[in-house]
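Novice: Supplied in structure tokens, the structure appears directly below.
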Amino acid sequence: MEVLERLRRDELNAVLTVVEGVEPGEGPLSGLPVAVKDNIATAGVRTTAGSKILENYVPPYDATVVKRLKKAGAAIVAKTNLDEFAMGSTGENSAFGPTKNPHDPSLVPGGSSSGSAALVGAGVVPVALGSDTGGSIRLPAAFCNVWGFKPTYGRVSRYGLIAFASSLDVIGPIARDIDTLAAVMEVISGPDDRDATTLNRPPFSRWKAEEFARRGRYRIGVVSDHLRIVSEEIRERFLSLIDRLSREGNEVVEVSLKGGRFALPAYHVIATAEASSNLARYDGVRYGVRLEGRDMLETYVRTRSLFGREVKRRIMLGTFVLSHGYYEAYYLKALKARRLIKEEVEGWFKDVDVVLTPTNPTLPPKIGAGFSPVEYYRLDTLTVPFSLAGVPVLNVPLGSFVGAQVVAPFGEDERAVGFGMYVSRFL
Ligand code: GLN
């Protein structure tokens with residue numbers, strides 16, 4: 001199998017484990033090779049979350065998404081590299097080394113679903129699964145010039161996803177074309193008894209997406225606040241898409257996101273707070289590696305020292321914002337900002353069908369550029385507002401490391417993907 005050959009060679013450091021000897025099954029995805037981000041559990045196959053602390057962890061069960069893919073006949077061929085516990089925007093926070101951008105190996109592929117996007121961008125696999133908490137599907141999809149979809153919060157089961165920030169985490173596909181992406185969405189989505197946060201809505205419908213794609217003559221909102229902060233080359237490329245859409249007979253109007261400036265700080269308070277609680281379980285007792293000390297405390301300290309710098313930083317920040325006396329000042333305030341942003345985003349759709357905005361504010365940095373943490377956080381400026389709002393967002397690849405987001409109302413995943421089908425005809 002040529003796919004396995006290329007996965008074994010792994011010139012981009014995109015692969016953490018090659019899954020040998022899988023037999024393709026029967027079903028709607030029969031024979032489709034799929035790579036899976038290594039924070040999604042695969043029975044009998046090592047699942048590391050990109051961390052030393054889970055280096056030898058072999059889950060005894062499949063995540064619901066994996067189970068559904070297998071049942072549909074897909075072949076899970078690889079587990080992909082990622083920023084440790086999905087915390088990062090470049091792929092450089094992996095304990096197993098950075099992944100390279102398939103279109104220029106000196107550049108980052110984006111993160112945290114770095115390996116998934118790189119493999120699809122390199123044409124090694126047609127589709128891969130990623131997870132998105134603040135942009136981790138959309139940003140690497142944009143940097144690697146592929147499609148990526150963050151479904152509505154709750155539309156896809158997270159049973160078997162190693163939790164980062166539970167009020168934001170979603171699983172979704174990264175794909176070379178929009179039809180493969182839609183086919184995978186149809187299989188992985190829908191309610192799941194094992195994840196109480198799944199929405200009580202039917203699975204994603206390709207047919208509904210295609211129907212929306214046929215409609216044409218949309219009313220499209222463009223986020224004016226975002227266009228002011230993106231770099232020149234991003235703005236130009238994005239506006240040439242908007243231009244084309246106008247010439248196709250669509251109506252374009254401006255929408256604003258006044259709460260947008262609160263999005264990044266609110267996200268980092270909420271996500272770190274939830275992460276500090278989710279990562280408390282890696283204590284050397286129940287999961288993964290245990291480094292024995294003289295007493296319990298020393299065992300904790302030695303074991304938890306295996307976390308990388310970024311993960312430690314987030315745990316400390318999260319513990320701080322939840323601590324007595326600071327809870328109101330940070331966490332509660334962040335929740336209010338989140339509410340504000342959600343209401344503003346929801347309000348857009350009283351007037352427009354979809355909203356378009358760039359995915360990445362700047363081009364991908366070089367590997368090892370060594371910016372400050374906050375500078376790397378800024379790469380998520382345009383993606384986190386929609387994570388806070390929980391709405392579905394599609395990354396449309398515009399080429400040369402630039403992507404556009406298609407935002408749709410909560411639960412209307414078919415609208416975002418359907419618009420992608422429409423726009424794919426003249427990319
Ligand atoms: N880059 C963001 C962060 O570092 C988002 C990560 C993600 O979506 N998993 O938190």
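Every chain in the structure tokens has a letter given in the order shown (A, B, ...), and although residue numbers restart at 1 in each chain, ligands are simply numbered from 1 in the order shown.
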Name the residues, by chain letter and number, that sit within 6 Å of ligand 1 using only C-alpha atoms and all ligand atoms, and give them as JSON, numbers by chain.
Specialist: {"A": [86, 87, 88, 89, 112, 132, 133, 134, 135, 136, 380]}
Novice: Mind dumping the selected residues with N, CA, C and O atoms as a PDB file, in the first residue's frame?
Specialist:
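Dumped everything to result_23.pdb:
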ATOM      1  N   ALA A  86      -2.929  19.397  22.698  1.00  0.00           N
ATOM      2  CA  ALA A  86      -3.598  20.315  21.754  1.00  0.00           C
ATOM      3  C   ALA A  86      -3.427  21.776  22.131  1.00  0.00           C
ATOM      4  O   ALA A  86      -4.217  22.632  21.744  1.00  0.00           O
ATOM      5  N   MET A  87      -2.375  22.061  22.913  1.00  0.00           N
ATOM      6  CA  MET A  87      -2.140  23.446  23.332  1.00  0.00           C
ATOM      7  C   MET A  87      -1.058  24.075  22.471  1.00  0.00           C
ATOM      8  O   MET A  87       0.144  23.886  22.725  1.00  0.00           O
ATOM      9  N   GLY A  88      -1.477  24.825  21.468  1.00  0.00           N
ATOM     10  CA  GLY A  88      -0.514  25.487  20.602  1.00  0.00           C
ATOM     11  C   GLY A  88      -1.114  25.805  19.254  1.00  0.00           C
ATOM     12  O   GLY A  88      -2.197  25.331  18.915  1.00  0.00           O
ATOM     13  N   SER A  89      -0.409  26.612  18.496  1.00  0.00           N
ATOM     14  CA  SER A  89      -0.905  27.064  17.197  1.00  0.00           C
ATOM     15  C   SER A  89       0.046  26.749  16.066  1.00  0.00           C
ATOM     16  O   SER A  89      -0.214  27.101  14.917  1.00  0.00           O
ATOM     17  N   SER A 112      -3.293  23.165  16.640  1.00  0.00           N
ATOM     18  CA  SER A 112      -2.523  22.046  17.161  1.00  0.00           C
ATOM     19  C   SER A 112      -2.657  20.760  16.342  1.00  0.00           C
ATOM     20  O   SER A 112      -1.900  19.813  16.555  1.00  0.00           O
ATOM     21  N   ASP A 132     -10.538  20.832  17.683  1.00  0.00           N
ATOM     22  CA  ASP A 132     -10.501  22.293  17.647  1.00  0.00           C
ATOM     23  C   ASP A 132     -11.102  22.827  18.930  1.00  0.00           C
ATOM     24  O   ASP A 132     -12.270  22.584  19.229  1.00  0.00           O
ATOM     25  N   THR A 133     -10.278  23.541  19.688  1.00  0.00           N
ATOM     26  CA  THR A 133     -10.711  24.152  20.944  1.00  0.00           C
ATOM     27  C   THR A 133     -10.772  25.665  20.769  1.00  0.00           C
ATOM     28  O   THR A 133     -11.677  26.328  21.266  1.00  0.00           O
ATOM     29  N   GLY A 134      -9.775  26.191  20.024  1.00  0.00           N
ATOM     30  CA  GLY A 134      -9.733  27.626  19.749  1.00  0.00           C
ATOM     31  C   GLY A 134      -9.296  27.917  18.327  1.00  0.00           C
ATOM     32  O   GLY A 134      -9.012  29.063  17.987  1.00  0.00           O
ATOM     33  N   GLY A 135      -9.193  26.870  17.508  1.00  0.00           N
ATOM     34  CA  GLY A 135      -8.771  27.083  16.120  1.00  0.00           C
ATOM     35  C   GLY A 135      -7.904  25.959  15.565  1.00  0.00           C
ATOM     36  O   GLY A 135      -7.422  26.025  14.431  1.00  0.00           O
ATOM     37  N   SER A 136      -7.713  24.912  16.348  1.00  0.00           N
ATOM     38  CA  SER A 136      -6.742  23.868  16.018  1.00  0.00           C
ATOM     39  C   SER A 136      -7.038  23.018  14.795  1.00  0.00           C
ATOM     40  O   SER A 136      -6.166  22.270  14.346  1.00  0.00           O
ATOM     41  N   ASP A 380      -4.483  32.966  16.911  1.00  0.00           N
ATOM     42  CA  ASP A 380      -5.853  32.470  17.088  1.00  0.00           C
ATOM     43  C   ASP A 380      -6.896  33.581  17.148  1.00  0.00           C
ATOM     44  O   ASP A 380      -8.063  33.315  17.422  1.00  0.00           O
TER      45      ASP A 380
END
Novice: Just asking: which residues within stretch 10-116 of chain A are strand (DSSP E or B) according to DSSP, as a list in words?
Specialist: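 Those residues are Val15, Leu16, Thr17, Val18, Pro33, Val34, Ala35, Val36, Lys37, Ile40, Thr42, Val45, Ala75, Ile76, Val77, Ala78, Lys79, Thr80, Asn101, Asp104 and Leu107 of chain A.
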Novice: Which is closer to A:Val15 than all the others in A:Asp38, A:Glu254, A:Asp104, A:Asp243, using only C-alpha atoms?
Specialist: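 For A:Val15, the nearest of the candidates is A:Asp38.
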Novice: Please provide as a VMD selection string all residues within 10 Å of stretch 306-315 of chain A, with the sequence filter that same-chain residues fewer than 3 positions apart are discarded (counting only C-alpha atoms).
Specialist: chain A and resid 50 to 54 83 to 88 93 to 95 268 to 269 271 to 280 282 289 to 291 301 to 303 318 to 320 373
Novice: Kindly export the residues of the current selection with C-alpha atoms, as a compact mmCIF listing (two decimals), in the first residue's frame.
Specialist:
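Done, and the output landed in part22.txt:
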# COMPACT_ATOMS: atom_id res chain seq x y z
CA GLY A 50 1.85 14.62 21.97
CA SER A 51 3.03 14.29 25.57
CA LYS A 52 5.79 12.38 27.37
CA ILE A 53 3.30 11.73 30.14
CA LEU A 54 1.21 9.52 27.83
CA ASP A 83 0.95 20.26 20.09
CA GLU A 84 1.06 18.62 23.53
CA PHE A 85 -2.53 18.20 24.76
CA ALA A 86 -3.60 20.31 21.75
CA MET A 87 -2.14 23.45 23.33
CA GLY A 88 -0.51 25.49 20.60
CA ASN A 93 4.79 22.24 21.35
CA SER A 94 4.79 18.50 20.65
CA ALA A 95 7.07 16.46 22.92
CA HIS A 268 -7.28 32.00 27.58
CA VAL A 269 -8.98 32.38 30.95
CA ALA A 271 -9.49 27.34 28.36
CA THR A 272 -6.72 27.37 30.99
CA ALA A 273 -9.23 27.11 33.84
CA GLU A 274 -10.78 24.03 32.26
CA ALA A 275 -7.39 22.60 31.32
CA SER A 276 -6.06 22.87 34.87
CA SER A 277 -8.98 20.76 36.00
CA ASN A 278 -8.86 18.27 33.11
CA LEU A 279 -5.12 17.69 33.45
CA ALA A 280 -5.26 17.05 37.20
CA TYR A 282 -2.27 12.85 35.15
CA VAL A 289 3.85 7.25 32.98
CA ARG A 290 4.62 7.18 36.72
CA LEU A 291 7.94 8.43 38.03
CA VAL A 301 6.06 16.29 41.24
CA ARG A 302 8.37 13.96 39.33
CA THR A 303 5.57 12.59 37.16
CA GLY A 318 -5.76 28.07 35.01
CA THR A 319 -5.19 27.30 38.67
CA PHE A 320 -4.56 30.99 39.30
CA PRO A 373 3.79 32.96 24.01
Novice: With only C-alpha atoms as the counted atoms, please give the residues lying no more than 9 Å from A:Met185, apart from itself and same-chain residues fewer than 3 positions off, as a list in words.
Specialist: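 My list of contacting residues is Phe149, Pro151, Val156, Gly172, Pro173, Thr180, Leu181, Ala182, Ile188, Ser189, Pro203, Phe204, Ser205 and Arg206 of chain A.
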Novice: Skipping near chain neighbours, those fewer than 5 positions away, what residues fall within 7 Å of stretch 215-231 of chain A using only C-alpha atoms, listed as a PyMOL selection string?
Specialist: chain A and resi 249-257+352-357+361-362
Novice: Check the DSSP output for the backbone and give back, as a list in words, the residues of stretch 269-299 of chain A in helix (DSSP H, G or I).
Specialist: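 Here is the list: Val269, Ile270, Ala271, Thr272, Ala273, Glu274, Ala275, Ser276, Ser277, Asn278, Leu279, Ala280, Arg281, Met296, Leu297, Glu298 and Thr299 of chain A.
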Novice: From the options A:Ile341, A:Ala128, A:Val146, A:Ala183, which residue's atoms come nearest to A:Gly27, counting only C-alpha atoms?
Specialist: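 Nearest candidate to A:Gly27 out of A:Ile341, A:Ala128, A:Val146, A:Ala183: A:Ala183.
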Novice: With only C-alpha atoms as the atoms that count, which of A:Thr64, A:Pro109, A:Pro265, A:Leu239 lies nearest to A:Asp195?
Specialist: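 With only C-alpha atoms as the atom set, the closest residue is A:Thr64.
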Novice: Of the residues A:Gly418, A:Gly288, A:Pro191, A:Pro397, which is the one nearest to A:Tyr153, using only C-alpha atoms?
Specialist: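 When distances to A:Tyr153 are compared using only C-alpha atoms, the smallest one comes from A:Pro191.
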Novice: At what distance in Å, to one decimal, does atom CA of A:Lys350 lie from atom CA of A:Ser157?
Specialist: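 Going from atom CA of A:Ser157 over to atom CA of A:Lys350, I get 28.6 Å.
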Novice: At a cut-off of 8 Å, using only C-alpha atoms, what residues contact A:Val396? Leave out same-chain residues fewer than 4 positions from it and give the result as a PyMOL selection string.
Specialist: chain A and resi 142+146-148+403-406+420
Novice: Could you tell me which of A:Val36, A:Ala389, A:Ile270, A:Ala41 comes closest to A:Ala165 if we count only C-alpha atoms?
Specialist: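 That would be A:Ile270, the residue with the smallest distance to A:Ala165.
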Novice: From the options A:Ser400, A:Thr80, A:Ser305, A:Ser167, which residue's atoms come nearest to A:Leu335, counting only C-alpha atoms?
Specialist: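 That would be A:Ser167, the residue with the smallest distance to A:Leu335.
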Novice: Counting only C-alpha atoms, what is within 7 Å of A:Ala74, bar same-chain residues fewer than 2 positions away, as a list in words?
Specialist: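 The neighbour list is Pro24, Gly25, Leu29, Ser30, Gly31, Leu32, Pro33, Val34, Leu69, Lys70, Ala72 and Ile76 of chain A.
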Novice: Go ahead and write the selection's residues with N, CA, C and O atoms as a PDB file, in the first residue's frame.
Specialist:
ATOM      1  N   PRO A  24      -9.316  -2.825   5.072  1.00  0.00           N
ATOM      2  CA  PRO A  24     -10.469  -1.967   4.796  1.00  0.00           C
ATOM      3  C   PRO A  24     -11.781  -2.729   4.942  1.00  0.00           C
ATOM      4  O   PRO A  24     -11.852  -3.905   4.570  1.00  0.00           O
ATOM      5  N   GLY A  25     -12.781  -2.077   5.511  1.00  0.00           N
ATOM      6  CA  GLY A  25     -14.070  -2.737   5.721  1.00  0.00           C
ATOM      7  C   GLY A  25     -15.069  -2.381   4.642  1.00  0.00           C
ATOM      8  O   GLY A  25     -14.738  -1.759   3.632  1.00  0.00           O
ATOM      9  N   LEU A  29     -17.648   4.442   3.453  1.00  0.00           N
ATOM     10  CA  LEU A  29     -16.275   4.958   3.341  1.00  0.00           C
ATOM     11  C   LEU A  29     -15.287   3.834   3.048  1.00  0.00           C
ATOM     12  O   LEU A  29     -14.096   3.950   3.344  1.00  0.00           O
ATOM     13  N   SER A  30     -15.772   2.782   2.456  1.00  0.00           N
ATOM     14  CA  SER A  30     -14.950   1.587   2.244  1.00  0.00           C
ATOM     15  C   SER A  30     -13.590   1.909   1.619  1.00  0.00           C
ATOM     16  O   SER A  30     -13.509   2.519   0.545  1.00  0.00           O
ATOM     17  N   GLY A  31     -12.533   1.518   2.318  1.00  0.00           N
ATOM     18  CA  GLY A  31     -11.180   1.673   1.786  1.00  0.00           C
ATOM     19  C   GLY A  31     -10.595   3.064   1.943  1.00  0.00           C
ATOM     20  O   GLY A  31      -9.451   3.294   1.549  1.00  0.00           O
ATOM     21  N   LEU A  32     -11.323   3.990   2.514  1.00  0.00           N
ATOM     22  CA  LEU A  32     -10.795   5.355   2.668  1.00  0.00           C
ATOM     23  C   LEU A  32      -9.747   5.381   3.787  1.00  0.00           C
ATOM     24  O   LEU A  32     -10.058   5.090   4.937  1.00  0.00           O
ATOM     25  N   PRO A  33      -8.488   5.752   3.455  1.00  0.00           N
ATOM     26  CA  PRO A  33      -7.495   5.846   4.526  1.00  0.00           C
ATOM     27  C   PRO A  33      -7.680   7.146   5.315  1.00  0.00           C
ATOM     28  O   PRO A  33      -7.790   8.217   4.723  1.00  0.00           O
ATOM     29  N   VAL A  34      -7.732   7.026   6.635  1.00  0.00           N
ATOM     30  CA  VAL A  34      -7.932   8.192   7.492  1.00  0.00           C
ATOM     31  C   VAL A  34      -6.819   8.248   8.534  1.00  0.00           C
ATOM     32  O   VAL A  34      -6.500   7.234   9.157  1.00  0.00           O
ATOM     33  N   LEU A  69     -16.059   5.524  12.106  1.00  0.00           N
ATOM     34  CA  LEU A  69     -15.283   5.474  10.857  1.00  0.00           C
ATOM     35  C   LEU A  69     -15.011   4.035  10.446  1.00  0.00           C
ATOM     36  O   LEU A  69     -15.170   3.661   9.285  1.00  0.00           O
ATOM     37  N   LYS A  70     -14.610   3.219  11.424  1.00  0.00           N
ATOM     38  CA  LYS A  70     -14.312   1.808  11.124  1.00  0.00           C
ATOM     39  C   LYS A  70     -15.563   1.103  10.638  1.00  0.00           C
ATOM     40  O   LYS A  70     -15.516   0.326   9.679  1.00  0.00           O
ATOM     41  N   ALA A  72     -17.959   2.330   9.082  1.00  0.00           N
ATOM     42  CA  ALA A  72     -18.284   2.786   7.725  1.00  0.00           C
ATOM     43  C   ALA A  72     -17.285   2.277   6.692  1.00  0.00           C
ATOM     44  O   ALA A  72     -17.378   2.629   5.518  1.00  0.00           O
ATOM     45  N   ILE A  76      -8.163   3.257   9.526  1.00  0.00           N
ATOM     46  CA  ILE A  76      -7.362   4.191  10.325  1.00  0.00           C
ATOM     47  C   ILE A  76      -5.901   3.792  10.131  1.00  0.00           C
ATOM     48  O   ILE A  76      -5.473   2.744  10.591  1.00  0.00           O
TER      49      ILE A  76
END
Novice: By how many Å are atom CA of A:Gly91 and atom CA of A:Ala369 apart?
Specialist: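 For atom CA of A:Gly91 relative to atom CA of A:Ala369, the distance reads 12.5 Å.
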Novice: Quote the spacing between atom CA of A:Pro365 and atom CA of A:Ser116 in Å to one decimal place.
Specialist: 18.4 Å
